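Asks: My structure is in target.json, and what it holds is JSON, C-alpha atoms:
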```json
[["chain", "number", "residue", "atom", "x", "y", "z"],
["W", 1, "MET", "CA", 0.31, 10.93, -12.00],
["W", 2, "ASP", "CA", -2.96, 11.39, -10.05],
["W", 3, "ILE", "CA", -2.58, 8.59, -7.52],
["W", 4, "LYS", "CA", -6.11, 9.09, -6.20],
["W", 5, "ASN", "CA", -7.49, 7.81, -9.50],
["W", 6, "HIS", "CA", -4.81, 5.21, -10.18],
["W", 7, "PRO", "CA", -5.13, 1.58, -9.03],
["W", 8, "MET", "CA", -2.69, 0.79, -6.21],
["W", 9, "ARG", "CA", -3.31, -2.91, -5.75],
["W", 10, "ALA", "CA", 0.15, -4.44, -6.12],
["W", 11, "TRP", "CA", 3.14, -2.83, -4.38],
["W", 12, "ILE", "CA", 6.79, -3.84, -4.71],
["W", 13, "ILE", "CA", 9.96, -2.57, -2.99],
["W", 14, "THR", "CA", 13.47, -2.87, -4.42],
["W", 15, "PRO", "CA", 16.77, -2.05, -2.63],
["W", 16, "GLY", "CA", 18.19, 1.39, -3.23],
["W", 17, "LEU", "CA", 21.68, 0.02, -3.90],
["W", 18, "ARG", "CA", 20.54, -2.50, -6.51],
["W", 19, "ALA", "CA", 20.15, -0.25, -9.55],
["W", 20, "GLY", "CA", 20.21, -3.31, -11.76],
["W", 21, "ARG", "CA", 16.83, -4.30, -10.34],
["W", 22, "PHE", "CA", 15.13, -0.95, -10.81],
["W", 23, "GLU", "CA", 13.71, -1.61, -14.28],
["W", 24, "ALA", "CA", 12.39, -5.05, -13.28],
["W", 25, "ALA", "CA", 10.51, -3.56, -10.34],
["W", 26, "GLN", "CA", 9.03, -0.82, -12.49],
["W", 27, "THR", "CA", 7.90, -3.10, -15.32],
["W", 28, "CYS", "CA", 6.81, -6.26, -13.48],
["W", 29, "GLY", "CA", 3.15, -5.29, -13.43],
["W", 30, "ALA", "CA", 3.05, -3.71, -9.98],
["W", 31, "ASP", "CA", 0.89, -0.62, -9.58],
["W", 32, "VAL", "CA", 3.39, 0.99, -7.20],
["W", 33, "ALA", "CA", 7.15, 0.45, -7.22],
["W", 34, "LEU", "CA", 9.22, 1.79, -4.33],
["W", 35, "VAL", "CA", 12.96, 2.13, -4.01],
["W", 36, "ASP", "CA", 14.10, 1.32, -0.48],
["W", 37, "LEU", "CA", 16.44, 3.18, 1.86],
["W", 38, "GLU", "CA", 15.38, 1.33, 5.00],
["W", 39, "ASP", "CA", 15.55, -2.38, 5.87],
["W", 40, "SER", "CA", 17.27, -3.59, 2.69],
["W", 41, "VAL", "CA", 20.19, -1.18, 3.16],
["W", 42, "ALA", "CA", 22.91, -1.72, 5.78],
["W", 43, "PRO", "CA", 23.63, 1.27, 8.06],
["W", 44, "ALA", "CA", 27.04, 1.83, 6.52],
["W", 45, "ASP", "CA", 25.52, 1.99, 3.03],
["W", 46, "LYS", "CA", 22.69, 4.46, 3.66],
["W", 47, "GLN", "CA", 24.38, 7.47, 2.03],
["W", 48, "ALA", "CA", 25.36, 5.47, -1.03],
["W", 49, "ALA", "CA", 21.76, 4.27, -1.31],
["W", 50, "ARG", "CA", 20.42, 7.83, -1.16],
["W", 51, "ILE", "CA", 22.60, 8.71, -4.13],
["W", 52, "SER", "CA", 21.83, 5.52, -6.06],
["W", 53, "ALA", "CA", 18.07, 5.81, -5.45],
["W", 54, "GLN", "CA", 17.88, 9.01, -7.47],
["W", 55, "ARG", "CA", 18.32, 6.91, -10.62],
["W", 56, "PHE", "CA", 15.06, 5.10, -9.81],
["W", 57, "PHE", "CA", 13.18, 8.22, -10.91],
["W", 58, "ASP", "CA", 15.16, 8.87, -14.10],
["W", 59, "ARG", "CA", 12.90, 6.90, -16.44],
["W", 60, "PRO", "CA", 10.81, 9.39, -18.43],
["W", 61, "ALA", "CA", 7.70, 7.19, -18.39],
["W", 62, "THR", "CA", 6.82, 4.12, -16.37],
["W", 63, "PRO", "CA", 3.66, 1.98, -16.29],
["W", 64, "CYS", "CA", 3.41, 2.38, -12.51],
["W", 65, "THR", "CA", 3.54, 4.92, -9.70],
["W", 66, "LEU", "CA", 7.09, 5.45, -8.40],
["W", 67, "GLY", "CA", 7.93, 6.06, -4.76],
["W", 68, "LEU", "CA", 10.48, 5.62, -2.00],
["W", 69, "ARG", "CA", 10.57, 4.02, 1.43],
["W", 70, "MET", "CA", 12.63, 6.19, 3.74],
["W", 71, "ASN", "CA", 13.95, 5.49, 7.22],
["W", 72, "SER", "CA", 11.87, 6.56, 10.20],
["W", 73, "PRO", "CA", 11.85, 10.36, 10.54],
["W", 74, "THR", "CA", 12.57, 9.91, 14.25],
["W", 75, "THR", "CA", 16.05, 8.55, 13.39],
["W", 76, "LEU", "CA", 19.18, 10.30, 12.14],
["W", 77, "ASP", "CA", 19.05, 8.31, 8.91],
["W", 78, "GLY", "CA", 15.46, 9.42, 8.41],
["W", 79, "VAL", "CA", 16.45, 13.06, 8.84],
["W", 80, "ARG", "CA", 19.23, 12.57, 6.30],
["W", 81, "ASP", "CA", 16.77, 10.88, 3.92],
["W", 82, "LEU", "CA", 14.45, 13.88, 4.05],
["W", 83, "ALA", "CA", 17.30, 16.28, 3.41],
["W", 84, "ALA", "CA", 18.38, 14.21, 0.40],
["W", 85, "LEU", "CA", 14.83, 13.82, -0.97],
["W", 86, "ALA", "CA", 14.29, 17.56, -0.86],
["W", 87, "THR", "CA", 17.15, 17.94, -3.36],
["W", 88, "TYR", "CA", 16.22, 15.11, -5.76],
["W", 89, "PRO", "CA", 15.79, 16.56, -9.27],
["W", 90, "ARG", "CA", 12.88, 14.15, -9.87],
["W", 91, "LYS", "CA", 10.65, 13.59, -6.87],
["W", 92, "PRO", "CA", 8.89, 10.38, -5.76],
["W", 93, "THR", "CA", 5.14, 10.35, -6.18],
["W", 94, "VAL", "CA", 4.76, 8.28, -3.00],
["W", 95, "VAL", "CA", 6.82, 8.35, 0.19],
["W", 96, "LEU", "CA", 6.37, 5.39, 2.55],
["W", 97, "VAL", "CA", 7.20, 6.17, 6.18],
["W", 98, "PRO", "CA", 8.13, 3.13, 8.32],
["W", 99, "LYS", "CA", 7.68, 2.60, 12.06],
["W", 100, "VAL", "CA", 4.98, 5.28, 12.25],
["W", 101, "GLU", "CA", 3.69, 5.68, 15.81],
["W", 102, "SER", "CA", 2.19, 9.17, 15.77],
["W", 103, "ALA", "CA", 0.55, 11.64, 13.41],
["W", 104, "ARG", "CA", 3.57, 13.86, 14.04],
["W", 105, "ASP", "CA", 5.73, 11.46, 11.99],
["W", 106, "ILE", "CA", 3.57, 12.21, 8.95],
["W", 107, "GLU", "CA", 3.55, 15.94, 9.67],
["W", 108, "ILE", "CA", 7.36, 16.05, 9.82],
["W", 109, "VAL", "CA", 7.69, 14.36, 6.42],
["W", 110, "ALA", "CA", 5.09, 16.63, 4.84],
["W", 111, "GLY", "CA", 6.68, 19.70, 6.40],
["W", 112, "VAL", "CA", 10.01, 18.94, 4.75],
["W", 113, "LEU", "CA", 8.86, 17.60, 1.37],
["W", 114, "ASP", "CA", 5.74, 19.61, 0.51],
["W", 115, "THR", "CA", 6.33, 22.51, -1.87],
["W", 116, "ASP", "CA", 4.19, 24.72, -4.08],
["W", 117, "THR", "CA", 4.87, 22.41, -7.01],
["W", 118, "HIS", "CA", 5.04, 18.97, -5.39],
["W", 119, "THR", "CA", 3.11, 17.25, -2.63],
["W", 120, "PRO", "CA", 3.93, 13.53, -2.51],
["W", 121, "GLY", "CA", 1.46, 10.96, -1.34],
["W", 122, "ILE", "CA", 2.58, 10.06, 2.18],
["W", 123, "TRP", "CA", 1.79, 6.54, 3.39],
["W", 124, "ALA", "CA", 2.41, 5.01, 6.80],
["W", 125, "LEU", "CA", 3.84, 1.57, 7.47],
["W", 126, "ILE", "CA", 2.00, 0.30, 10.54],
["W", 127, "GLU", "CA", 4.19, -2.36, 12.11],
["W", 128, "THR", "CA", 4.47, -1.95, 15.89],
["W", 129, "PRO", "CA", 2.13, -2.73, 18.80],
["W", 130, "ARG", "CA", 2.31, 0.91, 19.89],
["W", 131, "ALA", "CA", 1.12, 2.01, 16.45],
["W", 132, "PHE", "CA", -1.93, -0.23, 16.73],
["W", 133, "GLU", "CA", -2.72, 1.28, 20.14],
["W", 134, "ARG", "CA", -2.65, 4.73, 18.53],
["W", 135, "LEU", "CA", -4.31, 4.05, 15.17],
["W", 136, "PRO", "CA", -7.14, 6.62, 15.36],
["W", 137, "ALA", "CA", -4.70, 9.41, 16.23],
["W", 138, "ILE", "CA", -2.20, 8.38, 13.55],
["W", 139, "LEU", "CA", -4.84, 8.10, 10.87],
["W", 140, "SER", "CA", -6.13, 11.58, 11.66],
["W", 141, "ALA", "CA", -3.02, 13.12, 10.05],
["W", 142, "PRO", "CA", -4.37, 15.34, 7.22],
["W", 143, "ARG", "CA", -1.58, 14.44, 4.78],
["W", 144, "LEU", "CA", -1.81, 10.70, 5.24],
["W", 145, "GLY", "CA", -2.76, 8.99, 1.99],
["W", 146, "GLY", "CA", -2.97, 5.38, 3.15],
["W", 147, "VAL", "CA", -1.51, 2.67, 5.37],
["W", 148, "ILE", "CA", 0.40, -0.55, 4.81],
["W", 149, "PHE", "CA", 0.61, -3.46, 7.25],
["W", 150, "GLY", "CA", 4.15, -4.42, 8.22],
["W", 151, "SER", "CA", 3.55, -8.00, 9.29],
["W", 152, "ALA", "CA", 7.16, -9.13, 9.79],
["W", 153, "ASP", "CA", 8.11, -6.38, 12.24],
["W", 154, "TYR", "CA", 4.78, -6.65, 14.04],
["W", 155, "ALA", "CA", 5.03, -10.42, 14.45],
["W", 156, "ALA", "CA", 8.61, -10.10, 15.69],
["W", 157, "ALA", "CA", 7.62, -7.48, 18.25],
["W", 158, "VAL", "CA", 4.61, -9.43, 19.52],
["W", 159, "GLY", "CA", 6.34, -12.79, 19.35],
["W", 160, "CYS", "CA", 3.60, -14.41, 17.29],
["W", 161, "ALA", "CA", 3.76, -16.57, 14.19],
["W", 162, "LEU", "CA", 3.93, -14.93, 10.78],
["W", 163, "ASP", "CA", 0.76, -16.58, 9.49],
["W", 164, "TRP", "CA", -2.79, -15.52, 8.68],
["W", 165, "ASP", "CA", -4.54, -16.69, 11.86],
["W", 166, "SER", "CA", -1.95, -15.18, 14.21],
["W", 167, "LEU", "CA", -2.14, -11.79, 12.50],
["W", 168, "LEU", "CA", -5.89, -11.67, 11.84],
["W", 169, "TYR", "CA", -6.58, -9.26, 14.71],
["W", 170, "ALA", "CA", -3.95, -6.79, 13.52],
["W", 171, "ARG", "CA", -5.17, -6.96, 9.94],
["W", 172, "SER", "CA", -8.79, -6.46, 10.96],
["W", 173, "ALA", "CA", -7.93, -3.55, 13.26],
["W", 174, "LEU", "CA", -5.98, -1.81, 10.50],
["W", 175, "VAL", "CA", -8.72, -2.23, 7.89],
["W", 176, "ASN", "CA", -11.37, -0.99, 10.33],
["W", 177, "SER", "CA", -9.41, 2.11, 11.36],
["W", 178, "ALA", "CA", -8.37, 2.93, 7.79],
["W", 179, "THR", "CA", -11.97, 2.63, 6.58],
["W", 180, "ALA", "CA", -13.16, 4.88, 9.40],
["W", 181, "ALA", "CA", -10.55, 7.45, 8.35],
["W", 182, "GLY", "CA", -11.50, 7.14, 4.67],
["W", 183, "ILE", "CA", -8.10, 5.95, 3.46],
["W", 184, "PRO", "CA", -6.98, 2.69, 1.79],
["W", 185, "ALA", "CA", -5.11, -0.12, 3.54],
["W", 186, "ILE", "CA", -2.59, -2.39, 1.79],
["W", 187, "ASP", "CA", -1.77, -5.81, 3.21],
["W", 188, "ALA", "CA", 1.69, -7.20, 3.93],
["W", 189, "PRO", "CA", 3.41, -9.47, 1.40],
["W", 190, "VAL", "CA", 3.71, -13.24, 1.38],
["W", 191, "PHE", "CA", 7.40, -13.99, 1.97],
["W", 192, "ASP", "CA", 7.40, -17.51, 0.51],
["W", 193, "LEU", "CA", 8.71, -17.05, -3.03],
["W", 194, "ASN", "CA", 8.00, -20.59, -4.17],
["W", 195, "ASP", "CA", 4.32, -21.04, -3.31],
["W", 196, "PRO", "CA", 2.08, -19.15, -5.77],
["W", 197, "ASP", "CA", -0.97, -20.95, -4.41],
["W", 198, "ALA", "CA", -0.30, -19.56, -0.94],
["W", 199, "LEU", "CA", 0.08, -16.08, -2.42],
["W", 200, "ARG", "CA", -3.23, -16.28, -4.29],
["W", 201, "ARG", "CA", -5.01, -17.75, -1.27],
["W", 202, "GLU", "CA", -3.77, -15.03, 1.10],
["W", 203, "ALA", "CA", -4.45, -12.28, -1.44],
["W", 204, "GLU", "CA", -8.04, -13.50, -1.70],
["W", 205, "GLN", "CA", -8.33, -13.49, 2.10],
["W", 206, "SER", "CA", -6.92, -9.96, 2.21],
["W", 207, "LYS", "CA", -9.44, -8.76, -0.35],
["W", 208, "GLN", "CA", -12.30, -10.38, 1.55],
["W", 209, "LEU", "CA", -11.14, -8.66, 4.74],
["W", 210, "GLY", "CA", -11.29, -5.24, 3.06],
["W", 211, "PHE", "CA", -7.72, -4.50, 2.00],
["W", 212, "HIS", "CA", -7.30, -2.56, -1.24],
["W", 213, "GLY", "CA", -4.13, -4.38, -2.29],
["W", 214, "LYS", "CA", -1.07, -6.30, -1.18],
["W", 215, "GLY", "CA", 2.70, -6.04, -1.15],
["W", 216, "ALA", "CA", 5.01, -8.18, -3.29],
["W", 217, "VAL", "CA", 8.55, -9.27, -2.47],
["W", 218, "HIS", "CA", 9.35, -10.55, -5.97],
["W", 219, "PRO", "CA", 8.34, -9.23, -9.41],
["W", 220, "ARG", "CA", 6.52, -12.45, -10.33],
["W", 221, "GLN", "CA", 4.09, -11.95, -7.42],
["W", 222, "ALA", "CA", 2.72, -8.68, -8.81],
["W", 223, "ARG", "CA", 0.61, -10.26, -11.54],
["W", 224, "VAL", "CA", -1.18, -12.60, -9.13],
["W", 225, "ILE", "CA", -1.95, -9.75, -6.73],
["W", 226, "ARG", "CA", -3.37, -7.57, -9.47],
["W", 227, "GLU", "CA", -5.51, -10.44, -10.78],
["W", 228, "VAL", "CA", -6.99, -11.10, -7.35],
["W", 229, "PHE", "CA", -7.71, -7.50, -6.39],
["W", 230, "ALA", "CA", -9.05, -6.38, -9.76],
["W", 231, "PRO", "CA", -12.85, -6.70, -9.85],
["W", 232, "SER", "CA", -13.89, -9.80, -11.76],
["W", 233, "LYS", "CA", -16.54, -9.69, -14.50],
["W", 234, "GLU", "CA", -18.87, -11.58, -12.17],
["W", 235, "GLU", "CA", -18.36, -9.03, -9.39],
["W", 236, "ILE", "CA", -18.98, -6.14, -11.77],
["W", 237, "ASP", "CA", -22.12, -7.72, -13.26],
["W", 238, "GLN", "CA", -23.44, -8.45, -9.77],
["W", 239, "ALA", "CA", -22.79, -4.87, -8.66],
["W", 240, "ARG", "CA", -24.62, -3.46, -11.68],
["W", 241, "ALA", "CA", -27.56, -5.77, -11.01],
["W", 242, "ILE", "CA", -27.72, -4.66, -7.38],
["W", 243, "LEU", "CA", -27.60, -1.00, -8.41],
["W", 244, "ALA", "CA", -30.40, -1.52, -10.89],
["W", 245, "ALA", "CA", -32.48, -3.31, -8.28],
["W", 246, "GLY", "CA", -31.87, -0.48, -5.83],
["W", 247, "GLN", "CA", -33.02, 2.10, -8.33],
["W", 248, "ALA", "CA", -36.12, 0.05, -9.12],
["W", 249, "SER", "CA", -36.97, -0.28, -5.42],
["W", 250, "ARG", "CA", -36.13, 3.38, -4.71],
["W", 251, "SER", "CA", -33.37, 2.18, -2.36],
["W", 252, "GLY", "CA", -35.77, -0.03, -0.46],
["W", 253, "ILE", "CA", -35.17, -3.65, 0.56],
["W", 254, "THR", "CA", -35.35, -5.96, -2.45],
["W", 255, "SER", "CA", -33.72, -9.12, -3.76],
["W", 256, "VAL", "CA", -31.20, -9.98, -6.44],
["W", 257, "GLY", "CA", -30.70, -13.58, -7.51],
["W", 258, "GLY", "CA", -32.58, -14.84, -4.47],
["W", 259, "ARG", "CA", -30.50, -12.78, -2.02],
["W", 260, "MET", "CA", -31.95, -9.92, 0.03],
["W", 261, "VAL", "CA", -30.20, -6.60, -0.54],
["W", 262, "GLY", "CA", -30.57, -3.16, 0.99],
["W", 263, "ALA", "CA", -28.73, 0.08, 1.66],
["W", 264, "PRO", "CA", -25.29, -1.42, 2.58],
["W", 265, "PHE", "CA", -25.35, -3.56, -0.57],
["W", 266, "PHE", "CA", -26.31, -0.57, -2.73],
["W", 267, "ALA", "CA", -23.45, 1.51, -1.29],
["W", 268, "LYS", "CA", -20.87, -1.23, -1.91],
["W", 269, "ALA", "CA", -22.14, -1.84, -5.44],
["W", 270, "LYS", "CA", -22.07, 1.87, -6.22],
["W", 271, "ALA", "CA", -18.46, 2.15, -5.03],
["W", 272, "LEU", "CA", -17.38, -0.78, -7.21],
["W", 273, "VAL", "CA", -19.18, 0.47, -10.32],
["W", 274, "SER", "CA", -17.77, 3.96, -9.80],
["W", 275, "GLU", "CA", -14.25, 2.50, -9.60],
["W", 276, "VAL", "CA", -14.72, 0.47, -12.77],
["W", 277, "ASP", "CA", -16.31, 3.31, -14.76],
["W", 278, "ARG", "CA", -13.85, 5.96, -13.61]]
```
What would the structure in this file look like if it were written as structure tokens?

Replies:
Amino acid sequence: MDIKNHPMRAWIITPGLRAGRFEAAQTCGADVALVDLEDSVAPADKQAARISAQRFFDRPATPCTLGLRMNSPTTLDGVRDLAALATYPRKPTVVLVPKVESARDIEIVAGVLDTDTHTPGIWALIETPRAFERLPAILSAPRLGGVIFGSADYAAAVGCALDWDSLLYARSALVNSATAAGIPAIDAPVFDLNDPDALRREAEQSKQLGFHGKGAVHPRQARVIREVFAPSKEEIDQARAILAAGQASRSGITSVGGRMVGAPFFAKAKALVSEVDR
């Protein structure tokens, strides 16, 4: 699957040892489903999870992109993950690397997994204060496909609350650096499973801030995330109107619906229309 041309708005992670949950994760409506070898697996169970996780990629066809979250490549478990992944008969399309704090982390993963016939999309989980201090250097890694905000680990390290206002700086910094590097940023999930209004509200805030999508911690969250991040008919119609106005004004300042528009508006509208028409 060409992930560059595939929507990646809703992401979900399922434990590597819970094979009974694999199908639900893959068919819940998420754009990307990852099997996890990291936080959801106890240290004593890592090897069993590596073996079990292979079954996640056995389905001949799935409606979403399939991937894997490994352990940090700077740990022994991460090294063992890479050795195991290199022998998987069916490879993950996406590999999510946690605790990334240098471009070298990405280079190590690419160096082990890249072959003549398979180059997985490598994404970085940005979740430590040190990573935020080093964002420009990390995001310069040539093989980096995108970044995901790890809010829980970041909040724990900083000692701040796990809410929108407390994490606004981190979110804004990540979106800004990712945009400068020309790669997408995915926001952290909402951990409250019983408040769909909170999920929709935070997803809308994430979209407004510039994130391309959001993580889910339960299959039922995927649909809401996709609804929020998919361009609405109103957004598409507005973008087409702005493009038309820009062409009529030869990219000069003009107005659409009583609102002044210029070059930045034309660029944003063009990007949205290109995504929709792709």

Asks: Pick the closest to Ile122 (chain W) from W:Val100, W:Arg200, W:Ala137, W:Lys214: which is it, counting all atoms listed in the file?

Replies: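 Ranking W:Val100, W:Arg200, W:Ala137, W:Lys214 by distance to Ile122 (chain W), first place goes to W:Val100.
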
Asks: Suppose you want the space between CA of Ala152 (chain W) and CA of Pro189 (chain W); what is it in Å?

Replies: 9.2 Å

Asks: Could you pull the residues within 10 Å of Gln221 (chain W), counting all atoms listed in the file, minus those fewer than 5 positions along the same chain, as a PDB file with C-alpha atoms, in the coordinates of the input?

Replies:
```pdb
ATOM      1  CA  ALA W  10       0.150  -4.440  -6.120  1.00  0.00           C
ATOM      2  CA  TRP W  11       3.140  -2.830  -4.380  1.00  0.00           C
ATOM      3  CA  ILE W  12       6.790  -3.840  -4.710  1.00  0.00           C
ATOM      4  CA  CYS W  28       6.810  -6.260 -13.480  1.00  0.00           C
ATOM      5  CA  GLY W  29       3.150  -5.290 -13.430  1.00  0.00           C
ATOM      6  CA  ALA W  30       3.050  -3.710  -9.980  1.00  0.00           C
ATOM      7  CA  PRO W 189       3.410  -9.470   1.400  1.00  0.00           C
ATOM      8  CA  VAL W 190       3.710 -13.240   1.380  1.00  0.00           C
ATOM      9  CA  LEU W 193       8.710 -17.050  -3.030  1.00  0.00           C
ATOM     10  CA  ASP W 195       4.320 -21.040  -3.310  1.00  0.00           C
ATOM     11  CA  PRO W 196       2.080 -19.150  -5.770  1.00  0.00           C
ATOM     12  CA  LEU W 199       0.080 -16.080  -2.420  1.00  0.00           C
ATOM     13  CA  ARG W 200      -3.230 -16.280  -4.290  1.00  0.00           C
ATOM     14  CA  LYS W 214      -1.070  -6.300  -1.180  1.00  0.00           C
ATOM     15  CA  GLY W 215       2.700  -6.040  -1.150  1.00  0.00           C
ATOM     16  CA  ALA W 216       5.010  -8.180  -3.290  1.00  0.00           C
ATOM     17  CA  ARG W 226      -3.370  -7.570  -9.470  1.00  0.00           C
TER      18      ARG W 226
END
```

Asks: Quick one: residues within 9 Å of region 250-261 of chain W, all atoms listed in the file, excluding same-chain residues fewer than 6 positions away - as a tab-separated table (two decimals) with C-alpha atoms, in the coordinates of the input?

Replies:
```tsv
chain	number	residue	atom	x	y	z
W	238	GLN	CA	-23.44	-8.45	-9.77
W	241	ALA	CA	-27.56	-5.77	-11.01
W	242	ILE	CA	-27.72	-4.66	-7.38
W	243	LEU	CA	-27.60	-1.00	-8.41
```

Asks: What gap, in Å, lies between CA of Val95 (chain W) and CA of Asn194 (chain W)?

Replies: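 Computed distance, CA of Val95 (chain W) to CA of Asn194 (chain W), equals 29.3 Å.
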
Asks: Can you work out the spacing between CA of Lys46 (chain W) and CA of Pro219 (chain W) in Å, to one decimal?

Replies: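 Value for the CA of Lys46 (chain W)-CA of Pro219 (chain W) distance: 23.8 Å.
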
Asks: Taking into account all atoms listed in the file, which residue in the set W:Asp105, W:Arg201, W:Asp192, W:Gln26 is nearest to Ala61 (chain W)?

Replies: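 Between W:Asp105, W:Arg201, W:Asp192, W:Gln26, the residue approaching Ala61 (chain W) most closely is W:Gln26.
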
Asks: For His118 (chain W), which of W:Ala86, W:Ile138, W:Val41, W:Val79 is the closest residue, counting only C-alpha atoms?

Replies: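 Under the stated criterion, the closest residue is W:Ala86.
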
Asks: Output requested as a PDB file, in the coordinates of the input - region 6-27 of chain W, filled out with N, CA and C atoms.

Replies:
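The new file part_20.pdb reads:
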```
ATOM      1  N   HIS W   6      -5.638   6.260  -9.582  1.00  0.00           N
ATOM      2  CA  HIS W   6      -4.810   5.210 -10.180  1.00  0.00           C
ATOM      3  C   HIS W   6      -4.859   3.979  -9.297  1.00  0.00           C
ATOM      4  N   PRO W   7      -5.097   2.796  -9.852  1.00  0.00           N
ATOM      5  CA  PRO W   7      -5.130   1.580  -9.030  1.00  0.00           C
ATOM      6  C   PRO W   7      -3.809   1.402  -8.281  1.00  0.00           C
ATOM      7  N   MET W   8      -3.886   0.990  -7.037  1.00  0.00           N
ATOM      8  CA  MET W   8      -2.690   0.790  -6.210  1.00  0.00           C
ATOM      9  C   MET W   8      -2.792  -0.557  -5.510  1.00  0.00           C
ATOM     10  N   ARG W   9      -3.032  -1.592  -6.318  1.00  0.00           N
ATOM     11  CA  ARG W   9      -3.310  -2.910  -5.750  1.00  0.00           C
ATOM     12  C   ARG W   9      -2.059  -3.701  -5.429  1.00  0.00           C
ATOM     13  N   ALA W  10      -1.080  -3.665  -6.307  1.00  0.00           N
ATOM     14  CA  ALA W  10       0.150  -4.440  -6.120  1.00  0.00           C
ATOM     15  C   ALA W  10       1.317  -3.490  -5.886  1.00  0.00           C
ATOM     16  N   TRP W  11       2.011  -3.680  -4.754  1.00  0.00           N
ATOM     17  CA  TRP W  11       3.140  -2.830  -4.380  1.00  0.00           C
ATOM     18  C   TRP W  11       4.403  -3.689  -4.328  1.00  0.00           C
ATOM     19  N   ILE W  12       5.528  -3.124  -4.795  1.00  0.00           N
ATOM     20  CA  ILE W  12       6.790  -3.840  -4.710  1.00  0.00           C
ATOM     21  C   ILE W  12       7.888  -2.868  -4.264  1.00  0.00           C
ATOM     22  N   ILE W  13       8.841  -3.371  -3.488  1.00  0.00           N
ATOM     23  CA  ILE W  13       9.960  -2.570  -2.990  1.00  0.00           C
ATOM     24  C   ILE W  13      11.255  -3.205  -3.464  1.00  0.00           C
ATOM     25  N   THR W  14      12.174  -2.381  -3.951  1.00  0.00           N
ATOM     26  CA  THR W  14      13.470  -2.870  -4.420  1.00  0.00           C
ATOM     27  C   THR W  14      14.584  -2.092  -3.736  1.00  0.00           C
ATOM     28  N   PRO W  15      15.693  -2.728  -3.379  1.00  0.00           N
ATOM     29  CA  PRO W  15      16.770  -2.050  -2.630  1.00  0.00           C
ATOM     30  C   PRO W  15      17.363  -0.863  -3.377  1.00  0.00           C
ATOM     31  N   GLY W  16      17.658   0.192  -2.635  1.00  0.00           N
ATOM     32  CA  GLY W  16      18.190   1.390  -3.230  1.00  0.00           C
ATOM     33  C   GLY W  16      19.573   1.230  -3.842  1.00  0.00           C
ATOM     34  N   LEU W  17      20.327   0.240  -3.376  1.00  0.00           N
ATOM     35  CA  LEU W  17      21.680   0.020  -3.900  1.00  0.00           C
ATOM     36  C   LEU W  17      21.703  -0.920  -5.098  1.00  0.00           C
ATOM     37  N   ARG W  18      20.572  -1.530  -5.423  1.00  0.00           N
ATOM     38  CA  ARG W  18      20.540  -2.500  -6.510  1.00  0.00           C
ATOM     39  C   ARG W  18      19.933  -1.867  -7.765  1.00  0.00           C
ATOM     40  N   ALA W  19      20.674  -0.951  -8.371  1.00  0.00           N
ATOM     41  CA  ALA W  19      20.150  -0.250  -9.550  1.00  0.00           C
ATOM     42  C   ALA W  19      19.821  -1.197 -10.691  1.00  0.00           C
ATOM     43  N   GLY W  20      20.493  -2.337 -10.723  1.00  0.00           N
ATOM     44  CA  GLY W  20      20.210  -3.310 -11.760  1.00  0.00           C
ATOM     45  C   GLY W  20      18.827  -3.924 -11.663  1.00  0.00           C
ATOM     46  N   ARG W  21      18.186  -3.767 -10.531  1.00  0.00           N
ATOM     47  CA  ARG W  21      16.830  -4.300 -10.340  1.00  0.00           C
ATOM     48  C   ARG W  21      15.748  -3.250 -10.550  1.00  0.00           C
ATOM     49  N   PHE W  22      16.123  -2.014 -10.747  1.00  0.00           N
ATOM     50  CA  PHE W  22      15.130  -0.950 -10.810  1.00  0.00           C
ATOM     51  C   PHE W  22      14.119  -1.172 -11.939  1.00  0.00           C
ATOM     52  N   GLU W  23      14.615  -1.461 -13.137  1.00  0.00           N
ATOM     53  CA  GLU W  23      13.710  -1.610 -14.280  1.00  0.00           C
ATOM     54  C   GLU W  23      12.759  -2.781 -14.081  1.00  0.00           C
ATOM     55  N   ALA W  24      13.248  -3.886 -13.510  1.00  0.00           N
ATOM     56  CA  ALA W  24      12.390  -5.050 -13.280  1.00  0.00           C
ATOM     57  C   ALA W  24      11.251  -4.710 -12.336  1.00  0.00           C
ATOM     58  N   ALA W  25      11.542  -3.947 -11.292  1.00  0.00           N
ATOM     59  CA  ALA W  25      10.510  -3.560 -10.340  1.00  0.00           C
ATOM     60  C   ALA W  25       9.471  -2.655 -11.000  1.00  0.00           C
ATOM     61  N   GLN W  26       9.931  -1.788 -11.866  1.00  0.00           N
ATOM     62  CA  GLN W  26       9.030  -0.820 -12.490  1.00  0.00           C
ATOM     63  C   GLN W  26       8.183  -1.410 -13.609  1.00  0.00           C
ATOM     64  N   THR W  27       8.601  -2.534 -14.158  1.00  0.00           N
ATOM     65  CA  THR W  27       7.900  -3.100 -15.320  1.00  0.00           C
ATOM     66  C   THR W  27       7.302  -4.477 -15.052  1.00  0.00           C
TER      67      THR W  27
END
```
